[in-house]
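Here is the structure we will look at, set down as structure tokens.
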Amino acid sequence: MAFTKITEQASNYDHLEKMTISELLSNINKEDTTVPEAVAKSIPQIESLVTQIVEKLKNGGRLFYMGAGTSGRLGVVDASECPPTFGVSHELVIGLIAGGDPAIRKAVEFAEDSTTQGWKDLEDYKISEKDVVIGIAASGTTPYVIGALKKCNESNIITGCITCNEGSPLASTAQFPIVVTVGPEFVTGSSRMKAGTAQKLVLNMISTSTMIQLGKVQGNKMVDMQLSNNKLVDRGTRMIMEELKIERALAAELLEKHGSVRNAIQNYGA
């Protein structure tokens, strides 16, 4: 059966330029509401991959995201949020994008078309069997990602992917594929829309569930978050107040003394 990119099929809507602003917004929103349902169908696939990630990270491994364009940017965003949110090292979850960091802001022409650069980028981080690599590509055809995953498979490195096209080369290459079939985009082929939203939801699920499994959340609170601004210091103070049932002044004092919510709670009264 021939592979067809559903993400490239014609939109369910036409004559977009004739729609009012209200009609445009309503129809985009109507399409967006279908994305969580599509993600829900992929939960067993997500569970299989997260299980592998947790095991590897518990044993000193790292998680790599890699993609091009929107997919690459989404991976970089999720990776960059892990240290401030969960207090982990910047080296634990790493986002790679075709074309390097400049591509985060501006498209780097043809960067995604190299079948060898993705593996070279991983080698710069001394990738090993201890790690997990997730390729992100809505189309499921990005050479930068597929080439890297093929080399990972040859090197006994666990591979996963997030794509929006069933039967894609990427889904066939990854050992633990996640396929979220969101259908045609509102603007034909604009996979930054529903496909991008689906990828973001899946990335949220992967990193958050992994960090919870690694003990980075207590109850429902980010006890290891970095206190990098006044908002987070205030949040941390309130978390200590609620947990220890103490006044704000004492909670603030404990947080300043111990440097994290976890340490403040664990060392209270010690």
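Lettering and numbering for the structure tokens are positional, with chains as A, B, ... in the shown order, residues counted from 1 in each chain, and ligands counted from 1 in the shown order.
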
Query raised in the report: Hey, what's within 7 Å of segment 43-57 of chain A if we count only C-alpha atoms and toss same-chain stuff fewer than 2 positions away? As a ChimeraX atom specification, please?
Result: /A:39-41,59-62,130-132,160,176-178,206,210,213

Take the residues that were just selected and, keeping N, CA and C atoms, output them as an mmCIF file, in the first residue's frame.
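Result went into selection_7.cif, see below:
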```cif
data_model
loop_
_atom_site.group_PDB
_atom_site.id
_atom_site.type_symbol
_atom_site.label_atom_id
_atom_site.label_comp_id
_atom_site.auth_asym_id
_atom_site.auth_seq_id
_atom_site.Cartn_x
_atom_site.Cartn_y
_atom_site.Cartn_z
ATOM 1 N N VAL A 39 -4.839 12.266 20.039
ATOM 2 C CA VAL A 39 -3.756 11.951 20.973
ATOM 3 C C VAL A 39 -4.169 10.815 21.912
ATOM 4 N N ALA A 40 -5.417 10.850 22.367
ATOM 5 C CA ALA A 40 -5.905 9.817 23.295
ATOM 6 C C ALA A 40 -5.762 8.420 22.701
ATOM 7 N N LYS A 41 -5.973 8.301 21.405
ATOM 8 C CA LYS A 41 -5.856 6.994 20.752
ATOM 9 C C LYS A 41 -4.415 6.484 20.751
ATOM 10 N N ASN A 59 18.975 5.016 34.963
ATOM 11 C CA ASN A 59 20.290 4.384 34.927
ATOM 12 C C ASN A 59 21.353 5.269 34.280
ATOM 13 N N GLY A 60 21.146 6.575 34.383
ATOM 14 C CA GLY A 60 22.170 7.515 33.939
ATOM 15 C C GLY A 60 22.085 7.946 32.494
ATOM 16 N N GLY A 61 21.023 7.574 31.786
ATOM 17 C CA GLY A 61 20.882 7.945 30.390
ATOM 18 C C GLY A 61 20.284 9.331 30.206
ATOM 19 N N ARG A 62 20.180 9.734 28.958
ATOM 20 C CA ARG A 62 19.620 11.034 28.601
ATOM 21 C C ARG A 62 18.517 10.854 27.555
ATOM 22 N N LYS A 130 23.029 4.106 26.520
ATOM 23 C CA LYS A 130 22.325 4.505 27.736
ATOM 24 C C LYS A 130 21.197 5.491 27.446
ATOM 25 N N ASP A 131 21.207 6.089 26.233
ATOM 26 C CA ASP A 131 20.305 7.182 25.905
ATOM 27 C C ASP A 131 19.081 6.728 25.098
ATOM 28 N N VAL A 132 18.126 7.650 24.967
ATOM 29 C CA VAL A 132 16.937 7.448 24.136
ATOM 30 C C VAL A 132 16.825 8.635 23.178
ATOM 31 N N GLY A 160 12.437 6.426 19.395
ATOM 32 C CA GLY A 160 10.999 6.652 19.328
ATOM 33 C C GLY A 160 10.736 7.754 18.331
ATOM 34 N N PHE A 176 9.856 2.600 18.780
ATOM 35 C CA PHE A 176 8.654 2.902 19.561
ATOM 36 C C PHE A 176 7.959 4.127 18.946
ATOM 37 N N PRO A 177 7.236 3.901 17.841
ATOM 38 C CA PRO A 177 6.596 5.029 17.156
ATOM 39 C C PRO A 177 5.326 5.501 17.862
ATOM 40 N N ILE A 178 5.131 6.805 17.837
ATOM 41 C CA ILE A 178 3.880 7.416 18.278
ATOM 42 C C ILE A 178 3.284 8.111 17.056
ATOM 43 N N ILE A 206 5.100 13.139 27.602
ATOM 44 C CA ILE A 206 6.339 12.376 27.751
ATOM 45 C C ILE A 206 7.214 12.950 28.864
ATOM 46 N N THR A 210 7.506 11.308 32.668
ATOM 47 C CA THR A 210 8.855 10.824 32.971
ATOM 48 C C THR A 210 9.391 11.460 34.245
ATOM 49 N N GLN A 213 7.767 10.089 37.303
ATOM 50 C CA GLN A 213 8.300 8.757 37.587
ATOM 51 C C GLN A 213 9.705 8.828 38.191
#
```

Report task. Could you give me, as a VMD selection string, each residue of segment 127-204 of chain A that DSSP assigns to strand (DSSP E) when run on this structure's backbone? Result -> chain A and resid 132 to 136 158 to 163 176 to 179

Distance table requested - segment 147-208 of chain A against segment 99-123 of chain A, cut-off 7 Å, only C-alpha atoms: one row per qualifying residue with the closest atom pair and its distance in Å to one decimal, ordered by chain and rising residue number, as a Markdown table.
```
| residue | atom | partner | partner_atom | distance |
| --- | --- | --- | --- | --- |
| A:Gly147 | CA | A:Thr115 | CA | 4.7 |
| A:Ala148 | CA | A:Trp119 | CA | 4.4 |
| A:Lys151 | CA | A:Trp119 | CA | 6.7 |
```

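The residue that comes closest to Lys257 of chain A, out of A:Thr20, A:Thr237, A:Asn220, A:Thr181 and on the basis of only C-alpha atoms, is A:Thr237.
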
Requested in this report: Do a neighbour search on Tyr13 of chain A at 12 Å with only C-alpha atoms, toss out local chain neighbours closer than 4 positions, and write the hits as a list in words.
Outcome: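 That gives Gln9, Glu17, Lys18, Met19, Glu23, Leu24, Asn27, Ile28, Lys30, Glu31, Pro184, Glu185, Phe186, Val187 and Thr188 of chain A.
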
Could you pull the residues within 10 Å of Gly259 of chain A, counting only C-alpha atoms, minus those fewer than 2 positions along the same chain, as a PDB file with C-alpha atoms, in the first residue's frame?
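What follows is the written file selection35.pdb:
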```
ATOM      1  CA  ASP A 224      12.402  20.814  42.565  1.00  0.00           C
ATOM      2  CA  GLN A 226      14.298  26.472  39.975  1.00  0.00           C
ATOM      3  CA  LEU A 227      13.566  29.690  41.845  1.00  0.00           C
ATOM      4  CA  VAL A 233       9.697  32.225  44.687  1.00  0.00           C
ATOM      5  CA  GLY A 236       7.471  27.976  46.281  1.00  0.00           C
ATOM      6  CA  GLU A 253      12.702  32.047  55.438  1.00  0.00           C
ATOM      7  CA  LEU A 254      12.912  28.272  54.971  1.00  0.00           C
ATOM      8  CA  LEU A 255      12.884  28.589  51.194  1.00  0.00           C
ATOM      9  CA  GLU A 256      15.685  31.149  51.222  1.00  0.00           C
ATOM     10  CA  LYS A 257      17.726  29.048  53.630  1.00  0.00           C
ATOM     11  CA  VAL A 261      10.818  23.543  48.162  1.00  0.00           C
ATOM     12  CA  ARG A 262      11.879  19.924  48.601  1.00  0.00           C
ATOM     13  CA  ASN A 263      14.795  20.752  50.885  1.00  0.00           C
ATOM     14  CA  ALA A 264      12.763  23.241  52.886  1.00  0.00           C
TER      15      ALA A 264
END
```

Report summary line: What separates atom CA of Gly183 of chain A and atom CA of Phe64 of chain A is a distance of 26.9 Å

**Report entry** Residue contacts of Val182 of chain A (7 Å, only C-alpha atoms) excluding same-chain residues fewer than 2 positions away, as a PyMOL selection string
**Finding:** chain A and resi 35+38+164+180+184+194-195

File dump, residues just selected, N, CA and C atoms, as a tab-separated table (two decimals), in the first residue's frame:
```tsv
chain	number	residue	atom	x	y	z
A	35	VAL	N	-7.92	17.36	18.03
A	35	VAL	CA	-6.55	16.91	18.30
A	35	VAL	C	-6.44	16.07	19.59
A	38	ALA	N	-7.41	12.54	19.00
A	38	ALA	CA	-6.42	11.78	18.24
A	38	ALA	C	-5.26	11.37	19.14
A	164	CYS	N	2.59	12.35	12.44
A	164	CYS	CA	1.14	12.45	12.23
A	164	CYS	C	0.70	11.75	10.95
A	180	VAL	N	0.04	10.12	15.70
A	180	VAL	CA	-1.19	10.84	16.04
A	180	VAL	C	-1.79	11.35	14.74
A	184	PRO	N	-6.17	16.34	7.69
A	184	PRO	CA	-5.73	17.52	6.94
A	184	PRO	C	-5.78	18.78	7.81
A	194	LYS	N	-2.61	21.76	13.51
A	194	LYS	CA	-3.07	20.59	14.27
A	194	LYS	C	-1.94	19.62	14.58
A	195	ALA	N	-1.09	19.36	13.60
A	195	ALA	CA	0.01	18.43	13.83
A	195	ALA	C	0.95	18.97	14.90
```
